[in-house]
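Chemist: Let me begin by handing over the structure; questions about it come next.
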Amino acid sequence: MIVARTIEELQDVVGGSCVTIGNFDGVHKGHQKLIELSCSRAKARGLTSVVVTFDPHPLRVLRSDKTPPFITLTEQKLELISQHGPQVCLLLEFTMEMAKLSPEDFVKKYLVDGLGMKEMIIGYDYHLGKARAGNFETLSKLGEKYDFTVDRLDPVSIDNAVVSSTRIRDLVQAGTVWPVRSLLGRFYQIKGEVVHGMNRGGKLLGFPTANLKLVDELFPKPGVYAVWVEVNKEVYMGVANIGKNPTFGNDVLSVEAHILDFSGDIYGADIRVHFVQRIRDEKKFNGIEELKDRIAKDVELGRQLLSQPEASIQLTRPNLGRTDG
């Protein structure tokens, strides 16, 4: 997948295109179906499949004081989009100037003149342009004027509810991470650099932990989780604690992962933690020995949970290209 940040970078790359456009926070099952439909339509018509999305998220510009924590940061969003087949992703910088464009001005400048759009596929609730005036009906009229067709994907439902970024966010924040897998098509994950912590895990407790420098925005509810830990493209069973370590009187949120059956120096490495199942709440223990006993039980329970066939994990890696612009 070619990634471009400006229309100019794609002048010699895209002729006619089939475009889908959105924020794609989480790249969940609904987003995936939208992208895959766009790709199949593009292939059938001999067009280039293009995903158009934005950085920063428009809400961050328009309502900076009221934005929720986003499920995926830009780098991960691009990785996930690429796994569903589009040839090009146009990652546009969202600004107040862009927000003021009418639907027609945006469509003509970026999609018709810029991408030679011949077909557009949008989600059931997508709007674009100033005051969100660019709904399905408005875009269909613009299609008649500028010679492109518009199709709208119906909502995707799982467990009798529409798949949405809001639903996923609520589940993660509640610590209910297991059902998130069916909505995302993967376990919820965070990524971070392993940094030096308080050095208690190995020396004091006998359970060395990888302490993450936090960069993501959305975290599961504090507690202990069975997780897969991805290190250098390999995955290991693990148990992660999210919280403030109340036994030691800390007051700063941290994420620490004990990686099972692993030894090695990974300070400075980027690792990913995939959340499978919540084990328990974080709690304050009466002393070190009580804490050690509970961690041992957590590790055994985590191993049992991750050994279940339905808790298995498969990794895919993107092929991201960049234009020369």
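Letters for chains follow the order of the structure tokens (A, B, ...), residue numbers begin at 1 for each chain, and ligand numbers begin at 1 in the order shown.
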Per DSSP on the backbone, filter region 216-315 of chain A down to the residues in alpha helix (DSSP H) and report them as a PyMOL selection string.
Modeler: chain A and resi 288-306
Chemist: Skipping near chain neighbours, those fewer than 4 positions away, what residues fall within 6 Å of region 48-60 of chain A using only C-alpha atoms, listed as a PyMOL selection string?
Modeler: chain A and resi 17-23+39+42+64+86-94
Chemist: Hey, which of A:Val3, A:Val14, A:Ile313, A:Ala133 ends up closest to Lys77 (chain A)? Count only C-alpha atoms.
Modeler: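 Using only C-alpha atoms, Lys77 (chain A) sits closest to A:Val3.
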Chemist: Mind checking which residues fall within 7 Å of region 221-237 of chain A, counting only C-alpha atoms, ignoring those fewer than 5 positions away in the same chain, and posting them as a compact mmCIF listing (two decimals) with N, CA, C and O atoms, in the first residue's frame?
Modeler:
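So the final result, stored in result-v1.txt, reads:
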# COMPACT_ATOMS: atom_id res chain seq x y z
N GLN A 173 -12.49 0.29 28.04
CA GLN A 173 -12.39 1.07 29.26
C GLN A 173 -13.05 0.37 30.45
O GLN A 173 -12.68 0.63 31.61
N ALA A 174 -13.99 -0.52 30.17
CA ALA A 174 -14.63 -1.29 31.24
C ALA A 174 -13.81 -2.53 31.60
O ALA A 174 -14.17 -3.25 32.54
N GLY A 175 -12.73 -2.78 30.86
CA GLY A 175 -11.92 -3.96 31.10
C GLY A 175 -12.49 -5.23 30.49
O GLY A 175 -11.95 -6.32 30.67
N ILE A 242 -2.16 -3.26 34.75
CA ILE A 242 -2.40 -1.84 34.47
C ILE A 242 -2.87 -1.20 35.76
O ILE A 242 -3.83 -1.66 36.38
N GLY A 243 -2.19 -0.17 36.19
CA GLY A 243 -2.61 0.50 37.41
C GLY A 243 -1.51 1.29 38.05
O GLY A 243 -0.55 1.69 37.38
N ILE A 259 6.54 -11.50 31.04
CA ILE A 259 6.55 -12.35 29.86
C ILE A 259 6.95 -13.76 30.28
O ILE A 259 8.05 -13.97 30.81
N LEU A 260 6.06 -14.71 30.04
CA LEU A 260 6.31 -16.08 30.46
C LEU A 260 7.34 -16.76 29.56
O LEU A 260 7.36 -16.54 28.34
N ILE A 271 7.60 -3.11 22.10
CA ILE A 271 6.84 -4.35 22.19
C ILE A 271 5.35 -4.01 22.10
O ILE A 271 4.94 -2.88 22.30
N ARG A 272 4.57 -5.04 21.80
CA ARG A 272 3.12 -4.89 21.75
C ARG A 272 2.50 -5.84 22.77
O ARG A 272 2.94 -6.98 22.91
N VAL A 273 1.48 -5.35 23.44
CA VAL A 273 0.75 -6.15 24.41
C VAL A 273 -0.68 -6.31 23.91
O VAL A 273 -1.39 -5.32 23.72
N HIS A 274 -1.07 -7.56 23.67
CA HIS A 274 -2.40 -7.89 23.15
C HIS A 274 -3.25 -8.41 24.31
O HIS A 274 -2.94 -9.46 24.89
N PHE A 275 -4.32 -7.72 24.63
CA PHE A 275 -5.13 -8.04 25.80
C PHE A 275 -6.19 -9.09 25.46
O PHE A 275 -7.05 -8.86 24.62
N VAL A 276 -6.12 -10.21 26.17
CA VAL A 276 -7.00 -11.34 25.88
C VAL A 276 -8.15 -11.43 26.88
O VAL A 276 -9.32 -11.51 26.48
N GLN A 277 -7.86 -11.46 28.16
CA GLN A 277 -8.89 -11.66 29.17
C GLN A 277 -8.48 -11.01 30.48
O GLN A 277 -7.31 -11.04 30.87
N ARG A 278 -9.46 -10.41 31.14
CA ARG A 278 -9.20 -9.80 32.45
C ARG A 278 -9.19 -10.89 33.52
O ARG A 278 -10.07 -11.75 33.55
N ILE A 279 -8.19 -10.85 34.39
CA ILE A 279 -8.06 -11.84 35.46
C ILE A 279 -8.66 -11.33 36.76
O ILE A 279 -9.42 -12.03 37.43
N ARG A 280 -8.35 -10.11 37.13
CA ARG A 280 -8.84 -9.58 38.40
C ARG A 280 -8.63 -8.08 38.47
O ARG A 280 -7.91 -7.49 37.65
N ASP A 281 -9.24 -7.48 39.49
CA ASP A 281 -9.01 -6.07 39.80
C ASP A 281 -7.61 -5.89 40.38
O ASP A 281 -7.03 -6.81 40.97
N GLU A 282 -7.09 -4.69 40.25
CA GLU A 282 -5.89 -4.33 40.99
C GLU A 282 -6.28 -4.13 42.45
O GLU A 282 -7.35 -3.61 42.76
N GLY A 302 -3.23 -17.11 33.88
CA GLY A 302 -2.96 -16.55 32.56
C GLY A 302 -2.51 -17.61 31.58
O GLY A 302 -2.95 -17.64 30.41
N ARG A 303 -1.66 -18.52 32.03
CA ARG A 303 -1.19 -19.60 31.16
C ARG A 303 -2.35 -20.49 30.72
O ARG A 303 -2.44 -20.89 29.57
N LEU A 306 -4.58 -18.57 28.12
CA LEU A 306 -3.94 -18.40 26.82
C LEU A 306 -3.72 -19.72 26.10
O LEU A 306 -3.47 -19.74 24.88
Chemist: Residues of region 148-225 of chain A within 8 Å of region 117-122 of chain A: nearest atom pair and distance (Å, one decimal) for each, counting only C-alpha atoms, sorted by chain and number, as CSV?
Modeler:
residue,atom,partner,partner_atom,distance
A:Phe148,CA,A:Lys118,CA,4.3
A:Thr149,CA,A:Glu119,CA,4.7
A:Val150,CA,A:Met120,CA,4.7
A:Asp151,CA,A:Ile121,CA,4.8
A:Arg152,CA,A:Ile122,CA,5.0
A:Leu153,CA,A:Ile122,CA,6.3
Chemist: Would you mind telling me which residue in A:Ile295, A:Ala311, A:Tyr146, A:Pro69 lies nearest to Ser182 (chain A) when using only C-alpha atoms?
Modeler: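 Distance minimum relative to Ser182 (chain A) lands on A:Ala311.
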Chemist: Ranking A:Leu111, A:Ala99, A:Val177, A:Leu184 by minimum distance to Gly26 (chain A) and counting only C-alpha atoms, which one comes first?
Modeler: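 Closest candidate: A:Leu184.
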